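Asker: Input structure: start29.tsv, which contains TSV, C-alpha atoms (C1' of nucleotides).
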```
chain	number	residue	atom	x	y	z
A	144	MET	CA	96.83	55.02	-43.51
A	145	PRO	CA	96.19	54.01	-47.10
A	146	GLU	CA	92.83	52.59	-46.19
A	147	THR	CA	93.10	49.14	-47.61
A	148	LEU	CA	96.01	47.03	-46.66
A	149	ALA	CA	94.56	44.26	-44.61
A	150	SER	CA	95.36	42.20	-47.66
A	151	ALA	CA	99.11	42.12	-47.99
A	152	PRO	CA	100.25	39.73	-45.30
A	153	ILE	CA	97.40	37.55	-44.17
A	154	ALA	CA	98.47	34.96	-41.67
A	155	ALA	CA	100.75	32.39	-43.17
A	156	ASP	CA	99.54	29.13	-41.78
A	157	THR	CA	102.10	27.56	-44.00
A	158	ALA	CA	104.87	28.66	-41.73
A	159	ALA	CA	106.33	25.23	-41.35
A	160	VAL	CA	106.92	24.98	-45.06
A	161	GLY	CA	110.62	25.45	-44.77
A	162	SER	CA	110.84	22.63	-42.31
A	163	THR	CA	109.20	20.06	-44.51
A	164	PRO	CA	111.82	17.39	-44.91
A	165	ARG	CA	112.77	16.40	-48.39
A	166	ARG	CA	112.65	12.67	-48.65
A	167	PRO	CA	114.14	10.55	-51.38
A	168	ALA	CA	111.53	9.94	-54.06
A	169	THR	CA	111.98	6.23	-53.73
A	170	ARG	CA	110.62	5.95	-50.20
A	171	ARG	CA	106.93	5.17	-49.82
A	172	THR	CA	105.15	7.91	-47.98
A	173	SER	CA	102.31	7.31	-45.57
A	174	THR	CA	98.84	8.65	-46.12
A	175	ALA	CA	99.38	11.03	-43.23
A	176	GLU	CA	102.57	12.36	-44.76
A	177	GLN	CA	100.94	12.73	-48.15
A	178	SER	CA	98.06	14.70	-46.73
A	179	THR	CA	100.49	16.88	-44.81
A	180	GLU	CA	102.36	17.80	-47.94
A	181	LEU	CA	99.15	18.41	-49.83
A	182	ARG	CA	97.98	20.66	-47.04
A	183	LEU	CA	101.18	22.67	-47.08
A	184	ALA	CA	101.12	23.03	-50.85
A	185	VAL	CA	97.49	24.12	-50.84
A	186	MET	CA	97.96	26.66	-48.06
A	187	ARG	CA	101.04	28.10	-49.69
A	188	LEU	CA	99.39	28.43	-53.09
A	189	ALA	CA	96.30	29.95	-51.51
A	190	ARG	CA	98.41	32.52	-49.75
A	191	ARG	CA	100.17	33.37	-52.98
A	192	LEU	CA	96.89	33.70	-54.84
A	193	ARG	CA	95.47	35.91	-52.14
A	194	GLN	CA	98.31	38.31	-52.62
A	195	GLU	CA	97.29	38.82	-56.22
A	196	ARG	CA	94.64	41.39	-55.68
A	197	ALA	CA	93.46	44.54	-57.28
A	198	GLU	CA	95.67	47.46	-56.49
A	199	ALA	CA	94.26	47.73	-52.98
A	200	GLU	CA	91.00	49.44	-53.62
A	201	LEU	CA	89.25	46.99	-51.38
A	202	SER	CA	90.37	45.02	-48.36
A	203	ALA	CA	90.11	41.25	-48.40
A	204	ALA	CA	87.01	41.26	-46.20
A	205	GLN	CA	85.36	43.93	-48.33
A	206	PHE	CA	86.15	42.16	-51.57
A	207	SER	CA	84.87	38.88	-50.24
A	208	ALA	CA	81.55	40.38	-49.18
A	209	LEU	CA	81.32	42.15	-52.51
A	210	MET	CA	81.86	38.90	-54.40
A	211	TRP	CA	79.05	37.22	-52.54
A	212	THR	CA	76.74	40.13	-53.23
A	213	ALA	CA	77.63	40.15	-56.90
A	214	ALA	CA	77.29	36.39	-57.26
A	215	GLU	CA	74.22	35.71	-55.17
A	216	GLY	CA	72.14	38.64	-56.25
A	217	PRO	CA	70.44	40.91	-53.69
A	218	LEU	CA	70.76	39.41	-50.23
A	219	THR	CA	70.14	40.50	-46.67
A	220	LEU	CA	72.77	41.56	-44.17
A	221	GLY	CA	72.06	38.50	-42.06
A	222	ARG	CA	72.51	36.16	-44.99
A	223	LEU	CA	75.77	37.83	-45.97
A	224	ALA	CA	77.06	37.59	-42.41
A	225	GLU	CA	76.13	33.92	-42.44
A	226	LEU	CA	77.93	33.29	-45.71
A	227	GLU	CA	81.10	34.89	-44.38
A	228	ARG	CA	80.69	33.31	-40.95
A	229	VAL	CA	80.81	36.68	-39.29
A	230	THR	CA	78.44	38.34	-36.84
A	231	PRO	CA	75.85	40.77	-38.21
A	232	PRO	CA	77.46	43.80	-36.52
A	233	SER	CA	80.82	42.92	-38.08
A	234	MET	CA	79.33	42.51	-41.51
A	235	ASN	CA	77.38	45.71	-41.05
A	236	ARG	CA	80.62	47.63	-40.68
A	237	THR	CA	82.07	46.07	-43.81
A	238	VAL	CA	78.85	46.77	-45.67
A	239	ASN	CA	79.01	50.40	-44.54
A	240	CYS	CA	82.44	50.69	-46.14
A	241	LEU	CA	81.21	49.12	-49.38
A	242	VAL	CA	78.16	51.39	-49.47
A	243	ASP	CA	80.32	54.45	-48.77
A	244	GLY	CA	82.54	53.43	-51.66
A	245	GLY	CA	79.59	53.02	-53.97
A	246	TRP	CA	80.28	49.31	-54.61
A	247	ILE	CA	76.94	48.13	-53.25
A	248	ALA	CA	73.62	49.73	-52.33
A	249	ARG	CA	71.06	49.17	-49.58
A	250	GLU	CA	67.43	48.70	-50.59
A	251	ALA	CA	64.35	48.22	-48.48
A	252	SER	CA	62.97	44.73	-48.67
A	253	PRO	CA	59.53	44.75	-50.32
A	254	ASP	CA	58.10	41.94	-48.22
A	255	ASP	CA	59.61	42.53	-44.78
A	256	GLY	CA	60.17	45.97	-43.32
A	257	ARG	CA	62.92	44.73	-41.02
A	258	LYS	CA	65.08	43.44	-43.81
A	259	VAL	CA	67.51	45.31	-46.01
A	260	LEU	CA	68.56	44.06	-49.40
A	261	LEU	CA	72.13	44.54	-50.54
A	262	ARG	CA	72.70	44.82	-54.25
A	263	VAL	CA	75.94	45.24	-56.17
A	264	THR	CA	76.26	48.43	-58.21
A	265	GLU	CA	77.68	48.63	-61.71
A	266	PRO	CA	81.10	49.83	-60.48
A	267	GLY	CA	81.01	47.13	-57.85
A	268	ASP	CA	80.38	44.47	-60.43
A	269	ALA	CA	83.16	45.86	-62.59
A	270	ILE	CA	85.75	45.76	-59.86
A	271	VAL	CA	84.82	42.21	-58.98
A	272	ARG	CA	85.48	41.16	-62.56
A	273	GLU	CA	88.72	43.11	-62.70
A	274	THR	CA	90.04	41.75	-59.42
A	275	ARG	CA	89.13	38.21	-60.34
A	276	ARG	CA	90.82	38.65	-63.69
A	277	ARG	CA	94.05	39.77	-62.04
A	278	ARG	CA	94.05	36.91	-59.62
A	279	GLU	CA	93.47	34.38	-62.33
A	280	ALA	CA	96.12	35.89	-64.56
A	281	TRP	CA	98.89	34.90	-62.18
A	282	LEU	CA	97.81	31.27	-62.02
A	283	ALA	CA	96.80	30.91	-65.65
A	284	LYS	CA	100.22	32.07	-66.74
A	285	ARG	CA	101.94	29.37	-64.73
A	286	PHE	CA	99.31	26.83	-65.66
A	287	ALA	CA	99.97	27.39	-69.34
A	288	ALA	CA	103.68	26.77	-68.80
A	289	LEU	CA	103.09	23.20	-67.65
A	290	THR	CA	103.23	20.13	-69.86
A	291	ALA	CA	99.97	18.65	-71.10
A	292	ASP	CA	100.39	15.73	-68.72
A	293	GLU	CA	100.91	17.98	-65.77
A	294	ARG	CA	97.85	20.03	-66.62
A	295	GLU	CA	95.85	16.84	-66.91
A	296	THR	CA	97.00	15.79	-63.46
A	297	LEU	CA	95.94	19.12	-62.02
A	298	VAL	CA	92.56	18.98	-63.71
A	299	ALA	CA	91.97	15.54	-62.26
A	300	ALA	CA	93.19	16.75	-58.88
A	301	THR	CA	90.88	19.76	-58.98
A	302	ALA	CA	87.82	17.54	-59.00
A	303	ILE	CA	89.15	15.51	-56.09
A	304	LEU	CA	90.05	18.61	-54.10
A	305	ALA	CA	86.58	19.98	-54.66
A	306	ARG	CA	85.12	16.79	-53.21
A	307	LEU	CA	87.34	17.07	-50.15
A	308	THR	CA	85.67	20.29	-49.14
A	309	GLY	CA	82.28	18.75	-49.76
B	32	MET	CA	86.37	39.37	-26.00
B	33	PRO	CA	87.66	35.80	-26.07
B	34	GLU	CA	91.05	36.97	-27.20
B	35	THR	CA	91.58	34.78	-30.20
B	36	LEU	CA	89.00	34.76	-32.86
B	37	ALA	CA	90.72	36.29	-35.83
B	38	SER	CA	90.64	32.76	-37.11
B	39	ALA	CA	87.03	31.85	-37.55
B	40	PRO	CA	85.96	33.81	-40.58
B	41	ILE	CA	89.00	34.84	-42.59
B	42	ALA	CA	88.03	36.48	-45.81
B	43	ALA	CA	86.40	34.10	-48.20
B	44	ASP	CA	88.04	34.87	-51.47
B	45	THR	CA	86.18	31.94	-52.83
B	46	ALA	CA	82.94	33.80	-52.69
B	47	ALA	CA	82.05	33.09	-56.27
B	48	VAL	CA	82.17	29.38	-55.69
B	49	GLY	CA	78.45	29.01	-55.85
B	50	SER	CA	78.42	30.57	-59.27
B	51	THR	CA	80.88	28.17	-60.84
B	52	PRO	CA	78.98	26.64	-63.71
B	53	ARG	CA	78.81	22.88	-63.91
B	54	ARG	CA	79.74	21.82	-67.41
B	55	PRO	CA	79.20	18.41	-68.98
B	56	ALA	CA	82.32	16.30	-68.51
B	57	THR	CA	82.57	15.74	-72.23
B	58	ARG	CA	83.32	19.32	-73.17
B	59	ARG	CA	86.98	20.32	-73.50
B	60	THR	CA	87.88	23.10	-71.12
B	61	SER	CA	90.36	25.84	-71.89
B	62	THR	CA	93.54	26.37	-69.93
B	63	ALA	CA	92.06	29.54	-68.47
B	64	GLU	CA	88.96	27.71	-67.34
B	65	GLN	CA	91.01	24.91	-65.85
B	66	SER	CA	93.18	27.31	-63.88
B	67	THR	CA	90.08	29.11	-62.66
B	68	GLU	CA	88.59	25.94	-61.29
B	69	LEU	CA	91.88	24.93	-59.72
B	70	ARG	CA	92.10	28.33	-58.08
B	71	LEU	CA	88.61	28.09	-56.66
B	72	ALA	CA	89.21	24.58	-55.36
B	73	VAL	CA	92.51	25.57	-53.76
B	74	MET	CA	91.11	28.70	-52.13
B	75	ARG	CA	88.10	26.84	-50.81
B	76	LEU	CA	90.14	24.00	-49.38
B	77	ALA	CA	92.61	26.44	-47.84
B	78	ARG	CA	89.78	28.26	-46.14
B	79	ARG	CA	88.40	25.03	-44.80
B	80	LEU	CA	91.80	23.95	-43.52
B	81	ARG	CA	92.33	27.29	-41.85
B	82	GLN	CA	89.17	26.80	-39.85
B	83	GLU	CA	90.59	23.66	-38.30
B	84	ARG	CA	92.62	25.22	-35.56
B	85	ALA	CA	93.41	24.57	-31.94
B	86	GLU	CA	90.69	25.63	-29.58
B	87	ALA	CA	91.65	29.29	-29.89
B	88	GLU	CA	94.63	29.63	-27.66
B	89	LEU	CA	96.45	31.61	-30.31
B	90	SER	CA	95.26	33.89	-33.07
B	91	ALA	CA	96.14	33.05	-36.67
B	92	ALA	CA	98.85	35.69	-36.79
B	93	GLN	CA	100.32	34.55	-33.49
B	94	PHE	CA	100.30	30.91	-34.48
B	95	SER	CA	101.92	31.65	-37.80
B	96	ALA	CA	104.76	33.60	-36.19
B	97	LEU	CA	105.16	30.87	-33.63
B	98	MET	CA	105.41	28.21	-36.34
B	99	TRP	CA	108.20	30.10	-38.08
B	100	THR	CA	110.06	30.51	-34.82
B	101	ALA	CA	109.71	26.84	-33.97
B	102	ALA	CA	110.74	25.72	-37.45
B	103	GLU	CA	113.55	28.12	-38.24
B	104	GLY	CA	115.26	28.09	-34.88
B	105	PRO	CA	116.19	31.34	-33.15
B	106	LEU	CA	115.61	34.25	-35.51
B	107	THR	CA	115.52	38.01	-35.29
B	108	LEU	CA	112.45	40.19	-35.23
B	109	GLY	CA	113.33	41.63	-38.61
B	110	ARG	CA	113.68	38.22	-40.19
B	111	LEU	CA	110.37	37.09	-38.75
B	112	ALA	CA	108.66	40.21	-40.04
B	113	GLU	CA	110.16	39.51	-43.44
B	114	LEU	CA	108.97	35.91	-43.45
B	115	GLU	CA	105.44	37.00	-42.64
B	116	ARG	CA	105.61	39.98	-44.98
B	117	VAL	CA	104.68	42.31	-42.19
B	118	THR	CA	106.37	45.46	-40.90
B	119	PRO	CA	108.70	45.15	-37.89
B	120	PRO	CA	106.39	47.17	-35.61
B	121	SER	CA	103.49	44.88	-36.48
B	122	MET	CA	105.51	41.77	-35.82
B	123	ASN	CA	106.81	43.30	-32.64
B	124	ARG	CA	103.31	43.52	-31.26
B	125	THR	CA	102.56	39.92	-32.17
B	126	VAL	CA	105.86	38.87	-30.61
B	127	ASN	CA	104.94	40.73	-27.43
B	128	CYS	CA	101.77	38.67	-27.19
B	129	LEU	CA	103.69	35.44	-27.71
B	130	VAL	CA	106.29	36.39	-25.13
B	131	ASP	CA	103.60	37.39	-22.64
B	132	GLY	CA	101.99	34.01	-23.16
B	133	GLY	CA	105.26	32.21	-22.62
B	134	TRP	CA	105.28	30.64	-26.09
B	135	ILE	CA	108.56	32.24	-27.16
B	136	ALA	CA	111.40	34.10	-25.42
B	137	ARG	CA	113.61	37.03	-26.34
B	138	GLU	CA	117.37	36.62	-26.09
B	139	ALA	CA	120.17	39.09	-26.69
B	140	SER	CA	122.12	38.36	-29.85
B	141	PRO	CA	125.70	37.39	-28.98
B	142	ASP	CA	127.27	39.04	-32.03
B	143	ASP	CA	125.20	42.21	-32.50
B	144	GLY	CA	123.87	44.25	-29.62
B	145	ARG	CA	121.10	45.69	-31.72
B	146	LYS	CA	119.57	42.34	-32.55
B	147	VAL	CA	117.23	40.23	-30.52
B	148	LEU	CA	116.87	36.50	-30.98
B	149	LEU	CA	113.47	34.89	-30.68
B	150	ARG	CA	113.38	31.29	-29.53
B	151	VAL	CA	110.42	28.98	-29.06
B	152	THR	CA	109.85	27.67	-25.52
B	153	GLU	CA	108.92	24.12	-24.65
B	154	PRO	CA	105.19	24.98	-24.23
B	155	GLY	CA	105.40	26.92	-27.48
B	156	ASP	CA	106.79	23.95	-29.31
B	157	ALA	CA	104.15	21.70	-27.78
B	158	ILE	CA	101.26	23.85	-28.89
B	159	VAL	CA	102.64	24.06	-32.40
B	160	ARG	CA	102.68	20.28	-32.63
B	161	GLU	CA	99.21	20.02	-31.13
B	162	THR	CA	97.70	22.64	-33.39
B	163	ARG	CA	99.31	21.16	-36.47
B	164	ARG	CA	98.05	17.73	-35.49
B	165	ARG	CA	94.50	19.01	-35.22
B	166	ARG	CA	94.65	20.73	-38.57
B	167	GLU	CA	96.05	17.72	-40.32
B	168	ALA	CA	93.54	15.40	-38.76
B	169	TRP	CA	90.71	16.85	-40.79
B	170	LEU	CA	92.49	16.44	-44.12
B	171	ALA	CA	94.13	13.10	-43.34
B	172	LYS	CA	90.75	11.61	-42.51
B	173	ARG	CA	89.33	12.60	-45.88
B	174	PHE	CA	92.52	11.68	-47.66
B	175	ALA	CA	92.37	8.17	-46.29
B	176	ALA	CA	88.83	7.78	-47.61
B	177	LEU	CA	89.94	8.21	-51.22
B	178	THR	CA	90.78	5.40	-53.59
B	179	ALA	CA	94.44	4.54	-54.18
B	180	ASP	CA	94.22	6.07	-57.66
B	181	GLU	CA	92.81	9.30	-56.33
B	182	ARG	CA	95.49	9.56	-53.69
B	183	GLU	CA	98.11	8.97	-56.35
B	184	THR	CA	96.67	11.80	-58.41
B	185	LEU	CA	96.78	14.13	-55.43
B	186	VAL	CA	100.35	13.16	-54.60
B	187	ALA	CA	101.39	13.93	-58.16
B	188	ALA	CA	99.44	17.17	-58.06
B	189	THR	CA	101.07	18.20	-54.82
B	190	ALA	CA	104.48	18.30	-56.42
B	191	ILE	CA	103.15	20.36	-59.32
B	192	LEU	CA	101.33	22.76	-57.01
B	193	ALA	CA	104.51	23.23	-55.00
B	194	ARG	CA	106.35	24.19	-58.18
B	195	LEU	CA	103.66	26.74	-59.03
B	196	THR	CA	104.45	28.75	-55.94
B	197	GLY	CA	108.17	28.18	-56.26
C	295	DT	C1'	57.71	37.85	-27.95
C	296	DA	C1'	60.96	36.91	-31.76
C	297	DT	C1'	63.61	38.58	-35.58
C	298	DT	C1'	66.46	41.98	-38.33
C	299	DG	C1'	69.34	45.43	-38.42
C	300	DT	C1'	72.01	48.85	-36.11
C	301	DT	C1'	74.88	51.43	-32.59
C	302	DA	C1'	78.26	51.38	-28.65
C	303	DT	C1'	82.38	49.63	-26.98
C	304	DA	C1'	86.54	46.90	-26.91
C	305	DC	C1'	90.43	44.07	-28.58
C	306	DT	C1'	93.70	42.30	-32.37
C	307	DC	C1'	96.34	43.07	-36.45
C	308	DT	C1'	98.02	46.02	-39.41
C	309	DA	C1'	100.30	50.41	-40.87
C	310	DT	C1'	103.44	54.88	-40.76
C	311	DA	C1'	106.20	58.03	-38.13
C	312	DA	C1'	109.38	58.86	-34.73
C	313	DC	C1'	112.58	57.47	-31.14
C	314	DT	C1'	116.62	54.67	-28.89
C	315	DA	C1'	120.57	51.98	-29.02
C	316	DT	C1'	124.21	49.86	-31.42
C	317	DA	C1'	127.40	49.26	-35.64
D	211	DT	C1'	125.29	57.67	-41.01
D	212	DA	C1'	122.88	53.24	-41.23
D	213	DT	C1'	120.54	49.43	-39.05
D	214	DA	C1'	117.59	46.77	-35.46
D	215	DG	C1'	114.26	47.15	-32.45
D	216	DT	C1'	110.78	49.65	-30.11
D	217	DT	C1'	107.01	53.03	-28.90
D	218	DA	C1'	103.14	56.14	-30.33
D	219	DT	C1'	99.21	56.64	-32.90
D	220	DA	C1'	95.59	55.35	-36.11
D	221	DG	C1'	92.46	52.49	-39.23
D	222	DA	C1'	90.15	48.02	-40.42
D	223	DG	C1'	87.97	43.85	-38.87
D	224	DT	C1'	86.23	41.25	-35.46
D	225	DA	C1'	83.47	40.45	-31.17
D	226	DT	C1'	79.60	41.04	-27.37
D	227	DA	C1'	75.96	43.80	-25.42
D	228	DA	C1'	72.23	46.72	-25.92
D	229	DC	C1'	68.82	49.18	-28.62
D	230	DA	C1'	65.13	50.24	-32.43
D	231	DA	C1'	61.91	48.79	-35.60
D	232	DT	C1'	59.04	45.38	-37.54
D	233	DA	C1'	56.60	40.71	-37.67
```
As structure tokens, what does this structure read like?
Answerer:
Amino acid sequence: MPETLASAPIAADTAAVGSTPRRPATRRTSTAEQSTELRLAVMRLARRLRQERAEAELSAAQFSALMWTAAEGPLTLGRLAELERVTPPSMNRTVNCLVDGGWIAREASPDDGRKVLLRVTEPGDAIVRETRRRREAWLAKRFAALTADERETLVAATAILARLTG
Amino acid sequence: MPETLASAPIAADTAAVGSTPRRPATRRTSTAEQSTELRLAVMRLARRLRQERAEAELSAAQFSALMWTAAEGPLTLGRLAELERVTPPSMNRTVNCLVDGGWIAREASPDDGRKVLLRVTEPGDAIVRETRRRREAWLAKRFAALTADERETLVAATAILARLTG
DNA sequence: TATTGTTATACTCTATAACTATA
DNA sequence: TATAGTTATAGAGTATAACAATA
């Protein structure tokens, strides 16, 4: 198998999209309906964005762990597992793949002999930037095609969405 | 193993969130920067929404396939695989799980002996509604806590977001 | 004794390759 | 010969349980 594929599909979760009824714009929608449509739109866009990934050098799980390592500096296996909400043994396997690939490196912790510090390597940092660039390219292109008003609406919405996740 | 867990973690993809710089509100942001922040907010919210799932009766992949089947009426294995962007053998395994659980049923196609029609069962339809209800509950609660203006912004943004994936 | 990381084992989801049945 | 579904086999990601090393 071509190693890294886990990315392509990724559970829809937006499956019911096609069944969302189209209502006349004139009708007032309830808060529940509005949140439903927002949820569907968000899940669908997220799925689309997830598909925009670097050629397939890294799986989704691997890339995610790599991003944390690159962003949060050297961190322990336990901390990384916590960030990804995964058990330490699971994260250990992912880390093994990343270490084998040369994207990150294990270091002994200076203060605690039990701990291991994970640090991104130069190639690892480079591929994070490249993958992020590709993912953003897709959205930025469509973003630029909107009217100024529409962009303004999305910018305002971004702040509100961010607050929703607290 | 407790069967269905594939849900819990689900690759972050928003790993760099913590590194998003907070800029003063006065500064004008570029289109690229705006799309970046939108992307991060969308991915983060999507991840949060994905975590809100029914107790764990069905895995993410199973639930997604079930939703399509419930929404799109009886459909073939090939069509379902296409909708989920998965190969037919992969979907076949997921379908086997759903059939074993009694959530969907296989039927012979009346017009083409090679085809198989997949139809949701009554329990299958019930669990789709229940799971969807639980997922929406989380968002609807927060949505209701917003001001009328904020909700209006999100409603307007929803339509724009939907067009982005179009 | 408690904590951190690791290894052993098992199950799900995914893939490709090959097979069967029908068109 | 082409198409729809299935089976066989394998890799990645996840889990729990058990172990080693260090605090």
Asker: Figure out the distance between CA of Ala204 (chain A) and CA of Val229 (chain A), please, to one decimal in Å.
Answerer: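 These two atoms are separated by 10.4 Å.
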Asker: Compile the residues of chain D that lie within 7 Å of chain B, evaluated using all atoms listed in the file, and express the compilation as a PyMOL selection string.
Answerer: chain D and resi 214+224-225
Asker: What's the separation between CA of Leu307 (chain A) and CA of Lys172 (chain B), in Å to one decimal place?
Answerer: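 Those two atoms sit 10.0 Å apart.
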Asker: Write out as an mmCIF file with C-alpha atoms (C1' of nucleotides), in the coordinates of the input each polymer residue whose atoms come within 12 Å of DT219 (chain D), counting all atoms listed in the file; drop sequence neighbours fewer than 2 positions from it.
Answerer:
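Writing done, so here's part02.cif:
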```cif
data_model
loop_
_atom_site.group_PDB
_atom_site.id
_atom_site.type_symbol
_atom_site.label_atom_id
_atom_site.label_comp_id
_atom_site.auth_asym_id
_atom_site.auth_seq_id
_atom_site.Cartn_x
_atom_site.Cartn_y
_atom_site.Cartn_z
ATOM 1 C CA MET A 144 96.830 55.020 -43.510
ATOM 2 C "C1'" DA C 309 100.300 50.410 -40.870
ATOM 3 C "C1'" DT C 310 103.440 54.880 -40.760
ATOM 4 C "C1'" DA C 311 106.200 58.030 -38.130
ATOM 5 C "C1'" DA C 312 109.380 58.860 -34.730
ATOM 6 C "C1'" DT D 217 107.010 53.030 -28.900
ATOM 7 C "C1'" DG D 221 92.460 52.490 -39.230
#
```
Asker: Using only C-alpha atoms (C1' of nucleotides) and a distance of at most 7 Å, pull out the residues of chain C that contact chain A, as a PyMOL selection string.
Answerer: chain C and resi 298-299+308-309
Asker: May I have the residues of chain A within 8 Å of chain B, counting all atoms listed in the file, written as JSON, numbers by chain?
Answerer: {"A": [151, 152, 153, 154, 155, 156, 157, 158, 159, 161, 162, 174, 175, 177, 178, 179, 180, 181, 182, 184, 185, 186, 187, 188, 189, 191, 192, 193, 203, 204, 206, 207, 208, 210, 211, 214, 215, 227, 228, 229, 279, 282, 283, 285, 286, 287, 293, 296, 297, 298, 299, 300, 301, 303, 304, 305, 307, 308]}
Asker: Restrict the selected residues to C-alpha atoms and save them as an mmCIF file, keeping the file's coordinate frame.
Answerer:
```
data_model
loop_
_atom_site.group_PDB
_atom_site.id
_atom_site.type_symbol
_atom_site.label_atom_id
_atom_site.label_comp_id
_atom_site.auth_asym_id
_atom_site.auth_seq_id
_atom_site.Cartn_x
_atom_site.Cartn_y
_atom_site.Cartn_z
ATOM 1 C CA ALA A 151 99.110 42.120 -47.990
ATOM 2 C CA PRO A 152 100.250 39.730 -45.300
ATOM 3 C CA ILE A 153 97.400 37.550 -44.170
ATOM 4 C CA ALA A 154 98.470 34.960 -41.670
ATOM 5 C CA ALA A 155 100.750 32.390 -43.170
ATOM 6 C CA ASP A 156 99.540 29.130 -41.780
ATOM 7 C CA THR A 157 102.100 27.560 -44.000
ATOM 8 C CA ALA A 158 104.870 28.660 -41.730
ATOM 9 C CA ALA A 159 106.330 25.230 -41.350
ATOM 10 C CA GLY A 161 110.620 25.450 -44.770
ATOM 11 C CA SER A 162 110.840 22.630 -42.310
ATOM 12 C CA THR A 174 98.840 8.650 -46.120
ATOM 13 C CA ALA A 175 99.380 11.030 -43.230
ATOM 14 C CA GLN A 177 100.940 12.730 -48.150
ATOM 15 C CA SER A 178 98.060 14.700 -46.730
ATOM 16 C CA THR A 179 100.490 16.880 -44.810
ATOM 17 C CA GLU A 180 102.360 17.800 -47.940
ATOM 18 C CA LEU A 181 99.150 18.410 -49.830
ATOM 19 C CA ARG A 182 97.980 20.660 -47.040
ATOM 20 C CA ALA A 184 101.120 23.030 -50.850
ATOM 21 C CA VAL A 185 97.490 24.120 -50.840
ATOM 22 C CA MET A 186 97.960 26.660 -48.060
ATOM 23 C CA ARG A 187 101.040 28.100 -49.690
ATOM 24 C CA LEU A 188 99.390 28.430 -53.090
ATOM 25 C CA ALA A 189 96.300 29.950 -51.510
ATOM 26 C CA ARG A 191 100.170 33.370 -52.980
ATOM 27 C CA LEU A 192 96.890 33.700 -54.840
ATOM 28 C CA ARG A 193 95.470 35.910 -52.140
ATOM 29 C CA ALA A 203 90.110 41.250 -48.400
ATOM 30 C CA ALA A 204 87.010 41.260 -46.200
ATOM 31 C CA PHE A 206 86.150 42.160 -51.570
ATOM 32 C CA SER A 207 84.870 38.880 -50.240
ATOM 33 C CA ALA A 208 81.550 40.380 -49.180
ATOM 34 C CA MET A 210 81.860 38.900 -54.400
ATOM 35 C CA TRP A 211 79.050 37.220 -52.540
ATOM 36 C CA ALA A 214 77.290 36.390 -57.260
ATOM 37 C CA GLU A 215 74.220 35.710 -55.170
ATOM 38 C CA GLU A 227 81.100 34.890 -44.380
ATOM 39 C CA ARG A 228 80.690 33.310 -40.950
ATOM 40 C CA VAL A 229 80.810 36.680 -39.290
ATOM 41 C CA GLU A 279 93.470 34.380 -62.330
ATOM 42 C CA LEU A 282 97.810 31.270 -62.020
ATOM 43 C CA ALA A 283 96.800 30.910 -65.650
ATOM 44 C CA ARG A 285 101.940 29.370 -64.730
ATOM 45 C CA PHE A 286 99.310 26.830 -65.660
ATOM 46 C CA ALA A 287 99.970 27.390 -69.340
ATOM 47 C CA GLU A 293 100.910 17.980 -65.770
ATOM 48 C CA THR A 296 97.000 15.790 -63.460
ATOM 49 C CA LEU A 297 95.940 19.120 -62.020
ATOM 50 C CA VAL A 298 92.560 18.980 -63.710
ATOM 51 C CA ALA A 299 91.970 15.540 -62.260
ATOM 52 C CA ALA A 300 93.190 16.750 -58.880
ATOM 53 C CA THR A 301 90.880 19.760 -58.980
ATOM 54 C CA ILE A 303 89.150 15.510 -56.090
ATOM 55 C CA LEU A 304 90.050 18.610 -54.100
ATOM 56 C CA ALA A 305 86.580 19.980 -54.660
ATOM 57 C CA LEU A 307 87.340 17.070 -50.150
ATOM 58 C CA THR A 308 85.670 20.290 -49.140
#
```
Asker: Take the point (115.1, 35.5, -25.7) in the file's coordinates, draw a sphere of radius 12 Å around it, and report as an MDAnalysis selection string every protein, DNA or RNA residue with an atom inside or on it, counting all atoms listed in the file.
Answerer: chainID B and resid 100 104:108 126:127 129:130 133:141 146:152
Asker: Find the smallest box with edges along x, y and z containing every listed atom of region 220-223 of chain D, then add 4 Å on each side and report centre and edge lengths in Å to one decimal, as AutoDock Vina command-line options.
Answerer:
```
--center_x 91.8 --center_y 49.6 --center_z -38.3 --size_x 15.6 --size_y 19.5 --size_z 12.3
```
Asker: Quick one: of C:DT314, C:DT295, C:DT300, C:DT306, who's nearest to DA228 (chain D), counting all atoms listed in the file?
Answerer: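 Nearest to DA228 (chain D): C:DT300.
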Asker: Quick one, how far is CA of Arg110 (chain B) from CA of Glu161 (chain B)?
Answerer: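 Result for CA of Arg110 (chain B) versus CA of Glu161 (chain B): 25.0 Å, one decimal.
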Asker: Quick one: of B:Ala157, B:Arg165, B:Glu88, B:Glu113, who's nearest to Gly132 (chain B), counting only C-alpha atoms?
Answerer: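 Smallest distance to Gly132 (chain B) is found for B:Glu88.
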Asker: Using all atoms listed in the file, collect all residues at a distance of at most 7 Å from (84.3, 45.4, -25.6) as written in the file, then present them as a count of residues only.
Answerer: 5
